[in-house]
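This is query_0.txt. It holds compact mmCIF, C-alpha atoms.
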# COMPACT_ATOMS: atom_id res chain seq x y z
CA MET G 477 4.00 -15.89 -19.29
CA SER G 478 1.15 -15.17 -16.87
CA SER G 479 1.84 -13.35 -13.61
CA LEU G 480 1.57 -15.19 -10.29
CA GLN G 481 -1.52 -14.16 -8.33
CA ILE G 482 -0.94 -14.60 -4.60
CA GLU G 483 -3.98 -14.23 -2.36
CA LYS G 484 -4.04 -13.41 1.33
CA ILE G 485 -4.03 -16.35 3.73
CA ARG G 486 -7.42 -17.62 4.85
CA GLY G 487 -8.53 -16.18 8.17
CA PHE G 488 -6.49 -13.00 7.77
CA ARG G 489 -7.62 -9.53 6.70
CA ASP G 490 -6.45 -6.72 4.48
CA PHE G 491 -7.31 -3.23 5.72
CA TYR G 492 -8.00 -0.71 2.98
CA PRO G 493 -8.24 3.00 3.92
CA GLU G 494 -12.01 2.82 4.49
CA ASP G 495 -11.48 -0.20 6.78
CA MET G 496 -8.77 1.60 8.72
CA GLU G 497 -11.14 4.49 9.41
CA ILE G 498 -13.24 2.12 11.51
CA GLU G 499 -10.13 0.60 13.13
CA LYS G 500 -8.81 4.06 14.04
CA PHE G 501 -12.22 4.92 15.54
CA ILE G 502 -12.15 1.75 17.67
CA PHE G 503 -8.57 2.39 18.80
CA GLN G 504 -9.32 6.01 19.67
CA LYS G 505 -12.51 5.39 21.67
CA THR G 506 -11.11 2.43 23.62
CA GLU G 507 -7.92 4.27 24.50
CA GLU G 508 -9.84 7.41 25.53
CA ALA G 509 -12.14 5.38 27.80
CA ALA G 510 -9.28 3.41 29.37
CA GLU G 511 -7.27 6.53 30.15
CA ALA G 512 -10.38 8.28 31.50
CA PHE G 513 -10.54 5.43 34.05
CA GLY G 514 -6.86 5.94 34.97
CA PHE G 515 -5.41 3.04 32.97
CA SER G 516 -1.92 3.28 31.42
CA ARG G 517 -0.92 1.69 28.13
CA ILE G 518 1.65 -1.10 27.88
CA ASP G 519 2.93 -3.29 25.07
CA PHE G 520 4.85 -6.56 24.79
CA PRO G 521 6.42 -8.84 22.14
CA SER G 522 4.31 -10.60 19.53
CA LEU G 523 6.44 -13.70 20.11
CA GLU G 524 6.62 -15.52 23.46
CA TYR G 525 7.89 -18.85 24.74
CA LEU G 526 5.23 -21.52 24.31
CA ASP G 527 5.70 -22.49 27.97
CA LEU G 528 4.04 -19.22 28.95
CA TYR G 529 0.75 -20.68 27.68
CA ARG G 530 1.34 -24.22 28.92
CA ILE G 531 1.20 -22.97 32.48
CA LYS G 532 -2.52 -22.32 32.74
CA SER G 533 -4.20 -21.27 29.50
CA GLY G 534 -5.63 -24.71 28.75
CA ASP G 535 -5.08 -27.43 26.14
CA GLU G 536 -7.63 -26.01 23.69
CA LEU G 537 -5.73 -22.74 23.42
CA LEU G 538 -2.39 -24.53 23.01
CA GLN G 539 -3.81 -26.46 20.07
CA GLN G 540 -4.77 -23.13 18.42
CA THR G 541 -1.38 -21.45 18.70
CA TYR G 542 0.81 -20.48 15.76
CA SER G 543 3.82 -22.11 17.44
CA PHE G 544 7.12 -23.35 16.08
CA VAL G 545 10.74 -24.09 16.99
CA ASP G 546 12.90 -21.09 16.11
CA LYS G 547 16.45 -21.13 14.75
CA GLY G 548 17.79 -21.24 18.29
CA GLY G 549 15.84 -24.43 19.03
CA ARG G 550 13.32 -22.68 21.29
CA GLU G 551 9.60 -23.45 21.31
CA VAL G 552 7.91 -20.12 20.65
CA THR G 553 4.51 -18.88 19.53
CA LEU G 554 2.79 -15.83 18.15
CA ILE G 555 0.76 -14.62 21.11
CA PRO G 556 -2.80 -16.04 21.12
CA GLU G 557 -3.92 -13.69 23.90
CA ALA G 558 -2.54 -10.88 26.03
CA THR G 559 -3.06 -11.91 29.65
CA PRO G 560 -0.02 -14.20 30.14
CA SER G 561 2.34 -11.60 28.65
CA THR G 562 0.81 -8.90 30.85
CA VAL G 563 1.17 -11.04 33.98
CA ARG G 564 4.75 -11.86 33.00
CA MET G 565 5.48 -8.11 32.92
CA VAL G 566 3.80 -7.58 36.30
CA THR G 567 5.80 -10.31 38.01
CA ALA G 568 9.09 -9.21 36.41
CA ARG G 569 9.07 -5.88 38.30
CA LYS G 570 9.09 -5.69 42.09
CA ASP G 571 9.10 -1.88 42.17
CA LEU G 572 5.66 -1.35 40.60
CA GLN G 573 3.17 0.44 42.83
CA ARG G 574 -0.13 -1.46 43.03
CA PRO G 575 -2.91 -1.49 42.17
CA LEU G 576 -1.87 -1.39 38.53
CA ARG G 577 -4.33 -0.34 35.87
CA TRP G 578 -2.93 -1.39 32.49
CA TYR G 579 -4.32 -1.64 28.99
CA SER G 580 -2.91 -2.86 25.67
CA PHE G 581 -4.02 -3.26 22.07
CA PRO G 582 -1.86 -5.97 20.44
CA LYS G 583 -2.45 -8.24 17.49
CA VAL G 584 -3.10 -11.83 18.52
CA TRP G 585 -3.13 -15.06 16.51
CA ARG G 586 -5.18 -18.26 16.87
CA TYR G 587 -5.48 -21.12 14.42
CA GLU G 588 -9.23 -21.69 14.56
CA GLU G 589 -12.04 -21.93 12.04
CA PRO G 590 -12.72 -18.49 10.53
CA GLN G 591 -16.31 -17.22 10.67
CA ALA G 592 -18.19 -13.95 10.92
CA GLY G 593 -16.49 -11.87 13.58
CA ARG G 594 -13.67 -14.37 14.12
CA TYR G 595 -10.36 -14.43 12.30
CA ARG G 596 -7.01 -16.09 12.82
CA GLU G 597 -5.43 -12.70 13.36
CA HIS G 598 -7.07 -9.73 15.02
CA TYR G 599 -6.46 -6.73 17.23
CA GLN G 600 -7.52 -7.24 20.85
CA PHE G 601 -8.00 -4.51 23.42
CA ASN G 602 -7.17 -5.66 26.96
CA ALA G 603 -7.60 -3.96 30.32
CA ASP G 604 -6.54 -5.37 33.70
CA ILE G 605 -6.31 -4.32 37.33
CA PHE G 606 -3.56 -6.00 39.39
CA GLY G 607 -3.24 -5.87 43.16
CA SER G 608 -6.86 -5.54 44.27
CA ASP G 609 -9.05 -8.50 45.23
CA ASN G 610 -12.17 -6.51 46.14
CA PRO G 611 -15.47 -6.22 44.24
CA GLU G 612 -14.74 -2.57 43.47
CA ALA G 613 -12.05 -3.72 41.02
CA ASP G 614 -14.45 -6.21 39.41
CA ALA G 615 -17.04 -3.48 38.95
CA GLU G 616 -14.50 -1.02 37.56
CA VAL G 617 -13.32 -3.25 34.70
CA ILE G 618 -16.91 -4.11 33.77
CA ALA G 619 -17.83 -0.42 33.90
CA LEU G 620 -14.86 0.35 31.65
CA ALA G 621 -16.02 -2.30 29.17
CA SER G 622 -19.49 -0.76 29.17
CA SER G 623 -18.05 2.75 28.77
CA ILE G 624 -16.07 1.64 25.71
CA LEU G 625 -19.11 0.09 24.01
CA ASP G 626 -21.22 3.17 24.77
CA GLY G 627 -18.47 5.41 23.42
CA LEU G 628 -18.47 3.42 20.19
CA GLY G 629 -22.17 4.19 19.75
CA LEU G 630 -23.37 0.72 20.83
CA SER G 631 -25.46 1.72 23.84
CA GLY G 632 -28.63 -0.34 23.83
CA VAL G 633 -27.11 -2.89 21.45
CA TYR G 634 -25.62 -5.11 24.18
CA GLU G 635 -26.18 -6.40 27.69
CA MET G 636 -23.64 -7.47 30.31
CA ARG G 637 -23.90 -11.06 31.47
CA ILE G 638 -22.07 -12.23 34.58
CA ASN G 639 -21.46 -15.46 36.45
CA SER G 640 -19.04 -16.77 39.06
CA ARG G 641 -16.67 -19.70 38.65
CA LYS G 642 -16.87 -20.22 42.42
CA ILE G 643 -20.66 -20.45 42.37
CA MET G 644 -20.58 -22.84 39.40
CA GLU G 645 -17.92 -24.97 41.07
CA GLU G 646 -20.06 -25.25 44.20
CA ILE G 647 -23.15 -26.19 42.17
CA ILE G 648 -21.28 -28.88 40.22
CA ARG G 649 -19.64 -30.34 43.33
CA ASN G 650 -23.09 -30.64 44.94
CA ILE G 651 -24.47 -32.75 42.09
CA THR G 652 -21.50 -34.81 40.88
CA ASP G 653 -18.00 -36.03 41.67
CA VAL G 654 -16.84 -35.00 38.19
CA ASP G 655 -14.06 -32.40 38.15
CA PRO G 656 -15.81 -29.00 37.79
CA PHE G 657 -13.13 -27.70 35.42
CA SER G 658 -13.86 -30.45 32.90
CA VAL G 659 -17.54 -29.49 33.13
CA PHE G 660 -16.67 -25.82 32.54
CA SER G 661 -15.23 -26.71 29.13
CA ILE G 662 -18.58 -28.28 28.19
CA ILE G 663 -20.64 -25.38 29.58
CA ASP G 664 -18.49 -22.96 27.59
CA ARG G 665 -19.86 -24.64 24.42
CA PHE G 666 -23.51 -24.31 25.48
CA HIS G 667 -24.36 -21.66 22.88
CA LYS G 668 -22.35 -23.37 20.13
CA ILE G 669 -24.14 -26.73 20.13
CA SER G 670 -27.71 -28.02 20.44
CA ARG G 671 -29.26 -28.68 23.85
CA GLU G 672 -29.34 -32.40 23.07
CA GLU G 673 -25.66 -32.48 22.19
CA PHE G 674 -24.86 -30.40 25.27
CA MET G 675 -26.67 -32.83 27.56
CA GLU G 676 -25.03 -35.81 25.85
CA GLN G 677 -21.59 -34.32 26.47
CA LEU G 678 -22.45 -33.84 30.16
CA ARG G 679 -23.60 -37.47 30.39
CA SER G 680 -20.43 -38.63 28.66
CA ALA G 681 -18.41 -36.71 31.25
CA GLY G 682 -20.01 -38.86 33.95
CA ILE G 683 -22.79 -36.58 35.20
CA GLY G 684 -26.07 -38.32 36.04
CA GLU G 685 -29.40 -37.58 34.40
CA ASP G 686 -30.68 -35.32 37.18
CA GLY G 687 -27.45 -33.33 37.27
CA THR G 688 -27.39 -33.05 33.49
CA SER G 689 -30.95 -31.69 33.42
CA MET G 690 -30.21 -29.28 36.24
CA ILE G 691 -27.13 -27.83 34.53
CA ALA G 692 -28.92 -27.56 31.18
CA ASP G 693 -31.85 -25.77 32.83
CA LEU G 694 -29.54 -23.38 34.70
CA CYS G 695 -27.74 -22.48 31.47
CA SER G 696 -30.98 -21.77 29.62
CA GLY G 697 -31.78 -18.06 29.76
CA THR G 698 -30.63 -15.17 31.90
CA ARG G 699 -31.78 -14.08 35.34
CA SER G 700 -31.64 -11.12 37.66
CA VAL G 701 -29.20 -11.22 40.57
CA GLU G 702 -32.19 -11.39 42.94
CA GLU G 703 -33.29 -14.61 41.23
CA ILE G 704 -29.80 -16.04 41.74
CA GLU G 705 -30.09 -15.48 45.46
CA ARG G 706 -33.37 -17.41 45.44
CA ILE G 707 -31.84 -20.27 43.40
CA ILE G 708 -28.58 -20.58 45.34
CA GLY G 709 -29.58 -19.01 48.63
CA LYS G 710 -28.40 -15.88 50.36
CA GLY G 711 -25.50 -15.70 52.72
CA SER G 712 -22.59 -17.11 50.76
CA ASP G 713 -19.59 -14.88 50.33
CA GLU G 714 -19.69 -15.18 46.56
CA THR G 715 -23.38 -14.35 46.11
CA SER G 716 -22.88 -11.33 48.39
CA ARG G 717 -19.90 -10.30 46.30
CA ILE G 718 -21.87 -10.61 43.04
CA SER G 719 -24.66 -8.49 44.53
CA LYS G 720 -22.10 -5.87 45.59
CA VAL G 721 -20.61 -5.79 42.08
CA VAL G 722 -24.04 -5.27 40.52
CA ASP G 723 -24.84 -2.47 43.00
CA LEU G 724 -21.53 -0.80 42.18
CA LEU G 725 -22.22 -1.11 38.47
CA ARG G 726 -25.53 0.70 38.94
CA SER G 727 -23.60 3.56 40.54
CA TYR G 728 -21.55 3.69 37.31
CA GLY G 729 -24.81 3.86 35.36
CA VAL G 730 -24.49 0.27 34.10
CA ASN G 731 -28.00 -1.12 34.47
CA ASN G 732 -28.08 -3.76 31.72
CA VAL G 733 -26.60 -6.59 33.81
CA ARG G 734 -28.07 -10.10 33.78
CA TYR G 735 -26.92 -13.31 35.46
CA ASP G 736 -26.10 -16.16 33.08
CA PHE G 737 -24.98 -19.58 34.35
CA SER G 738 -23.65 -20.47 30.89
CA ILE G 739 -20.92 -17.81 31.14
CA VAL G 740 -17.81 -19.64 32.39
CA ARG G 741 -15.14 -18.49 29.88
CA GLY G 742 -12.99 -21.12 28.20
CA LEU G 743 -9.59 -20.24 29.66
CA SER G 744 -8.76 -22.28 32.72
CA TYR G 745 -7.14 -19.55 34.80
CA TYR G 746 -10.35 -17.74 35.85
CA THR G 747 -11.06 -18.00 39.58
CA GLY G 748 -14.11 -15.85 40.39
CA ILE G 749 -16.47 -13.53 38.57
CA VAL G 750 -16.61 -13.94 34.79
CA PHE G 751 -18.51 -11.74 32.38
CA GLU G 752 -19.31 -11.18 28.72
CA ALA G 753 -21.08 -8.47 26.74
CA TYR G 754 -23.74 -9.99 24.48
CA ASP G 755 -25.31 -8.68 21.31
CA ARG G 756 -29.01 -8.27 22.21
CA SER G 757 -30.11 -9.25 18.69
CA GLY G 758 -28.40 -12.62 19.01
CA GLN G 759 -26.52 -12.25 15.72
CA PHE G 760 -23.20 -12.43 17.54
CA ARG G 761 -22.39 -14.13 20.83
CA ALA G 762 -19.74 -12.51 23.00
CA ILE G 763 -18.66 -8.99 22.07
CA LEU G 764 -16.04 -8.99 24.84
CA GLY G 765 -15.29 -11.07 27.90
CA GLY G 766 -13.15 -11.42 30.98
CA GLY G 767 -13.11 -12.10 34.68
CA ARG G 768 -11.06 -12.51 37.83
CA TYR G 769 -7.86 -14.59 37.73
CA ASP G 770 -6.20 -14.39 41.14
CA SER G 771 -3.86 -17.37 40.83
CA LEU G 772 -2.17 -16.88 37.46
CA ALA G 773 0.69 -14.74 38.81
CA SER G 774 1.49 -17.27 41.54
CA LEU G 775 1.57 -20.08 38.98
CA MET G 776 4.06 -18.12 36.90
CA SER G 777 6.29 -16.65 39.59
CA GLY G 778 5.16 -17.62 43.07
CA ASP G 779 3.91 -14.06 43.65
CA ASN G 780 0.34 -13.64 44.87
CA VAL G 781 -1.14 -10.88 42.71
CA PRO G 782 -4.95 -10.72 42.53
CA ALA G 783 -6.14 -9.64 39.09
CA VAL G 784 -9.25 -8.95 37.04
CA GLY G 785 -9.56 -7.90 33.42
CA PHE G 786 -11.14 -8.39 30.01
CA GLY G 787 -10.36 -8.61 26.32
CA MET G 788 -12.27 -7.23 23.32
CA GLY G 789 -11.48 -8.14 19.73
CA ASP G 790 -11.92 -5.64 16.93
CA ALA G 791 -13.68 -8.00 14.47
CA VAL G 792 -17.13 -8.26 16.08
CA ILE G 793 -17.03 -4.58 17.06
CA THR G 794 -16.39 -3.67 13.41
CA LEU G 795 -19.35 -5.75 12.26
CA LEU G 796 -21.61 -4.16 14.90
CA ILE G 797 -20.55 -0.64 13.89
CA LYS G 798 -21.38 -1.45 10.26
CA ARG G 799 -24.66 -3.16 11.15
CA GLU G 800 -25.83 -0.28 13.29
CA GLY G 801 -24.85 2.28 10.66
CA ILE G 802 -22.70 4.23 13.10
CA GLN G 803 -21.08 7.21 11.40
CA ILE G 804 -17.37 7.57 12.09
CA PRO G 805 -16.73 11.19 13.18
CA ARG G 806 -13.90 13.04 11.52
CA LYS G 807 -12.00 15.21 13.95
CA LYS G 808 -10.04 17.22 11.39
CA LYS G 809 -11.32 19.16 8.41
CA SER G 810 -9.71 18.28 5.10
CA VAL G 811 -8.73 20.35 2.10
CA TYR G 812 -7.82 19.24 -1.42
CA MET G 813 -5.57 21.48 -3.52
CA CYS G 814 -6.31 21.30 -7.25
CA ARG G 815 -4.12 22.69 -10.01
CA VAL G 816 -5.17 23.94 -13.46
CA GLY G 817 -2.34 24.76 -15.85
CA GLU G 818 1.34 25.24 -15.04
CA ILE G 819 1.32 25.90 -11.30
CA ASP G 820 4.35 26.39 -9.06
CA SER G 821 4.28 23.38 -6.71
CA ALA G 822 6.34 25.26 -4.13
CA LEU G 823 3.56 27.86 -3.88
CA MET G 824 0.91 25.20 -3.26
CA ASN G 825 3.13 23.45 -0.73
CA ARG G 826 3.60 26.68 1.22
CA TYR G 827 -0.15 27.18 1.64
CA ALA G 828 -0.60 23.47 2.38
CA ARG G 829 1.96 23.76 5.18
CA GLU G 830 0.16 26.78 6.67
CA LEU G 831 -3.16 24.92 6.66
CA ARG G 832 -1.61 21.83 8.23
CA GLU G 833 -0.07 23.97 10.95
CA ALA G 834 -3.59 25.33 11.56
CA GLY G 835 -4.77 21.76 12.21
CA MET G 836 -6.20 20.67 8.86
CA ASN G 837 -5.48 17.67 6.67
CA VAL G 838 -4.33 18.81 3.24
CA THR G 839 -3.82 16.77 0.07
CA VAL G 840 -2.04 18.32 -2.90
CA GLU G 841 -2.82 17.21 -6.46
CA LEU G 842 0.18 15.39 -7.92
CA ILE G 843 -1.09 14.38 -11.37
CA ASN G 844 -1.73 16.71 -14.29
CA ARG G 845 -5.37 15.75 -14.98
CA GLY G 846 -8.56 17.60 -15.73
CA LEU G 847 -10.27 19.69 -13.04
CA SER G 848 -13.40 17.52 -13.06
CA SER G 849 -11.27 14.44 -12.35
CA GLN G 850 -9.51 16.25 -9.54
CA LEU G 851 -12.79 17.35 -7.95
CA LYS G 852 -14.21 13.84 -8.27
CA TYR G 853 -11.13 12.48 -6.55
CA ALA G 854 -11.39 15.16 -3.84
CA SER G 855 -15.02 14.24 -3.23
CA SER G 856 -14.28 10.51 -3.01
CA SER G 857 -11.50 11.19 -0.51
CA GLY G 858 -13.92 13.08 1.75
CA ALA G 859 -12.48 16.56 1.37
CA ASP G 860 -14.51 19.37 2.92
CA TYR G 861 -13.11 22.07 0.67
CA ALA G 862 -11.08 22.29 -2.53
CA ILE G 863 -8.74 25.15 -3.33
CA ILE G 864 -8.37 25.48 -7.09
CA PHE G 865 -5.06 27.01 -8.11
CA GLY G 866 -5.68 28.18 -11.68
CA GLU G 867 -2.95 29.61 -13.87
CA ARG G 868 -5.09 32.59 -14.95
CA ASP G 869 -6.51 33.25 -11.47
CA LEU G 870 -3.04 33.30 -9.94
CA GLU G 871 -1.97 35.97 -12.42
CA LYS G 872 -4.59 38.13 -10.62
CA GLY G 873 -3.46 36.90 -7.19
CA GLN G 874 -6.61 34.79 -6.70
CA VAL G 875 -7.73 31.17 -6.17
CA THR G 876 -11.15 29.52 -6.19
CA LEU G 877 -12.48 28.00 -2.96
CA ARG G 878 -15.07 25.26 -3.46
CA ASP G 879 -17.33 23.82 -0.75
CA MET G 880 -17.31 20.10 -1.56
CA HIS G 881 -20.55 19.49 0.34
CA SER G 882 -22.76 22.21 -1.18
CA GLY G 883 -20.90 22.68 -4.46
CA SER G 884 -20.80 26.46 -4.03
CA GLN G 885 -17.57 28.28 -4.78
CA GLU G 886 -16.07 31.75 -4.65
CA ASN G 887 -12.96 33.55 -5.81
CA MET G 888 -10.70 35.15 -3.22
CA GLU G 889 -7.24 36.55 -2.74
CA VAL G 890 -4.68 33.75 -2.49
CA ASP G 891 -3.09 35.38 0.57
CA SER G 892 -6.42 35.37 2.44
CA VAL G 893 -7.49 31.76 1.74
CA VAL G 894 -5.74 30.26 4.79
CA HIS G 895 -7.26 32.81 7.20
CA HIS G 896 -10.68 32.35 5.60
CA LEU G 897 -10.60 28.55 5.89
CA VAL G 898 -9.41 28.69 9.48
CA SER G 899 -12.28 31.05 10.36
CA ILE G 900 -15.03 28.96 8.75
CA MET G 901 -13.77 25.57 9.85
CA LYS G 902 -13.25 26.23 13.53

Could you render the structure as structure tokens?
Amino acid sequence: MSSLQIEKIRGFRDFYPEDMEIEKFIFQKTEEAAEAFGFSRIDFPSLEYLDLYRIKSGDELLQQTYSFVDKGGREVTLIPEATPSTVRMVTARKDLQRPLRWYSFPKVWRYEEPQAGRYREHYQFNADIFGSDNPEADAEVIALASSILDGLGLSGVYEMRINSRKIMEEIIRNITDVDPFSVFSIIDRFHKISREEFMEQLRSAGIGEDGTSMIADLCSGTRSVEEIERIIGKGSDETSRISKVVDLLRSYGVNNVRYDFSIVRGLSYYTGIVFEAYDRSGQFRAILGGGRYDSLASLMSGDNVPAVGFGMGDAVITLLIKREGIQIPRKKKSVYMCRVGEIDSALMNRYARELREAGMNVTVELINRGLSSQLKYASSSGADYAIIFGERDLEKGQVTLRDMHSGSQENMEVDSVVHHLVSIMK
């Protein structure tokens, strides 16, 4: 009888140890950057009521949820994004001192077509500021996003592209009576479809030929903020705000900002500035994205809580790290303990404990195999040094210390090996 081979579900990933090294690097750098900006970590359930997403996330997102009726007859879903859960937490507590700077790193689930950099399950870093409606908050979250990408070794690989829902709404209202929010859903697909198909969808929405051409031309290419002022005109509150945000970003050292009319973000709750980080090579579209959403809290609870934030999935970041050949730094030195002959495991464990207490990662050989096999295994695991506990050497109170990078080795007193490793690996 043949065994049953069960494969992983399409759109989901297995993480082997080498994959988790990259994931751990992403987690570490994003958390370090967020906390350097004064953000505090939160977490929330992976399962929420479906109504939480009916409120304002949009029909497209609802169609992508992994939702079901649970055993209690409740409509629930695996969370497809983090923002509604985060806002729910904000509005549930009246004692929180604002502004709040929160970040999270949950798994999220969406039933959509898998492709490079997009899966049906992924980790998503999120950072939000609640309680401030000024451009300083907008600039801070964008600067944090930039700081994270730079910390991951991606400086020069991306550019920040910004737009404003308010500016786009004003433009659309000036050229058509069509609801701007229905036009946003078309504009959000600009980079996913051909120009001809894009224009046809605008026409089908009821926009005239002149308006269709104008929107298509605006969405083609990026511009400087100064060009935006020439296109739209100076003096409006929103153009002044965008200019202020860009000036503030320059003070953060973020100089790779371009204006892009095609950035509107698909979720319907955005109310002001929206932004995305783009891969300069064009291989991937958005690396991360977010914006201002001042009305979501009031829709959920009646509370008026201005907010701005962004989300960044791990999948595209992982592909960029691999593409750019970024080496994942190892913070701790590692040691592999080999055994040759009948060796007292308690002795090896005692020295392993001392090395671990000194801050090293130590792996102890568990299988009675040849020394060459042990050293090969130690090398493949990335060990910096191997300590060879040989039956004959131990009779003389010695072990062999092998440098796994150079291949050199030396005999030394077993009682001095911990002190020696600590001194050379500081």

field: Non-local contacts of Ile802 of chain G (12 Å; all atoms listed in the file; under 5 positions in same chain excluded) as a PyMOL selection string
entry: chain G and resi 498+501-502+626-631+633+793-797

task: With a distance cut-off of 9 Å and all atoms listed in the file, select the neighbouring residues of segment 829-845 of chain G, excluding the residue or stretch itself and same-chain residues fewer than 5 positions from it, and output the selection as a ChimeraX atom specification.
output: /G:808-817,821,824,850,854,859,894-895,897-898

Go ahead and write the selection's residues with C-alpha atoms as a JSON list (two decimals), in the coordinates of the input.
[["chain", "number", "residue", "atom", "x", "y", "z"],
["G", 808, "LYS", "CA", -10.04, 17.22, 11.39],
["G", 809, "LYS", "CA", -11.32, 19.16, 8.41],
["G", 810, "SER", "CA", -9.71, 18.28, 5.10],
["G", 811, "VAL", "CA", -8.73, 20.35, 2.10],
["G", 812, "TYR", "CA", -7.82, 19.24, -1.42],
["G", 813, "MET", "CA", -5.57, 21.48, -3.52],
["G", 814, "CYS", "CA", -6.31, 21.30, -7.25],
["G", 815, "ARG", "CA", -4.12, 22.69, -10.01],
["G", 816, "VAL", "CA", -5.17, 23.94, -13.46],
["G", 817, "GLY", "CA", -2.34, 24.76, -15.85],
["G", 821, "SER", "CA", 4.28, 23.38, -6.71],
["G", 824, "MET", "CA", 0.91, 25.20, -3.26],
["G", 850, "GLN", "CA", -9.51, 16.25, -9.54],
["G", 854, "ALA", "CA", -11.39, 15.16, -3.84],
["G", 859, "ALA", "CA", -12.48, 16.56, 1.37],
["G", 894, "VAL", "CA", -5.74, 30.26, 4.79],
["G", 895, "HIS", "CA", -7.26, 32.81, 7.20],
["G", 897, "LEU", "CA", -10.60, 28.55, 5.89],
["G", 898, "VAL", "CA", -9.41, 28.69, 9.48]]

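Among the candidate residues G:Asp535, G:Glu800, G:Asp820, G:Glu676, the one lying nearest to Asp755 of chain G is G:Glu800, with distances computed using all atoms listed in the file.
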
message: Can you tell me which residues surround segment 678-694 of chain G at a distance of at most 12 Å, considering all atoms listed in the file, apart from same-chain residues fewer than 5 positions away, and format the answer as a VMD selection string?
response: chain G and resid 639 644 to 645 647 to 667 670 to 673 699 703 to 704 707 to 708 735 to 739

task: Quick one: everything within 10 Å of Val792 of chain G, counting only C-alpha atoms, minus sequence neighbours fewer than 6 positions away in the same chain. Send it as a ChimeraX atom specification.
output: /G:592-595,755,760-764,798

Atom pair atom CA of Glu557 of chain G / atom CA of Tyr769 of chain G: separation (Å): 14.4 Å

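Closest approach to Ile624 of chain G from the set G:Gly787, G:Gly548, G:Gly858, G:Gly883 is made by G:Gly787, with distances taken over only C-alpha atoms.
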
task: Rounded to one decimal place, report the atom CA of Ser771 of chain G-atom CA of Ser727 of chain G distance in Å.
output: 28.8 Å

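As for atom CA of Tyr827 of chain G and atom CA of Ile863 of chain G, they are spaced 10.1 Å apart.
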
task: Pick out the residues sitting within 12 Å of Leu743 of chain G, and hand them over as a VMD selection string; count only C-alpha atoms, and ignore anything fewer than 5 positions along from it in its own chain.
output: chain G and resid 529 to 538 556 to 557 559 to 560 641 657 to 658 660 to 661 664 750 765 to 769 772 786

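Ranking G:Lys642, G:Gln591, G:Glu889, G:Lys720 by their shortest atom-to-atom distance to Ala613 of chain G, with all atoms listed in the file included, puts G:Lys720 first.
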
field: Residue with smallest distance to Arg550 of chain G - pool G:Ile669, G:Ser882, G:Asp527, G:Tyr861, counting all atoms listed in the file
entry: G:Asp527
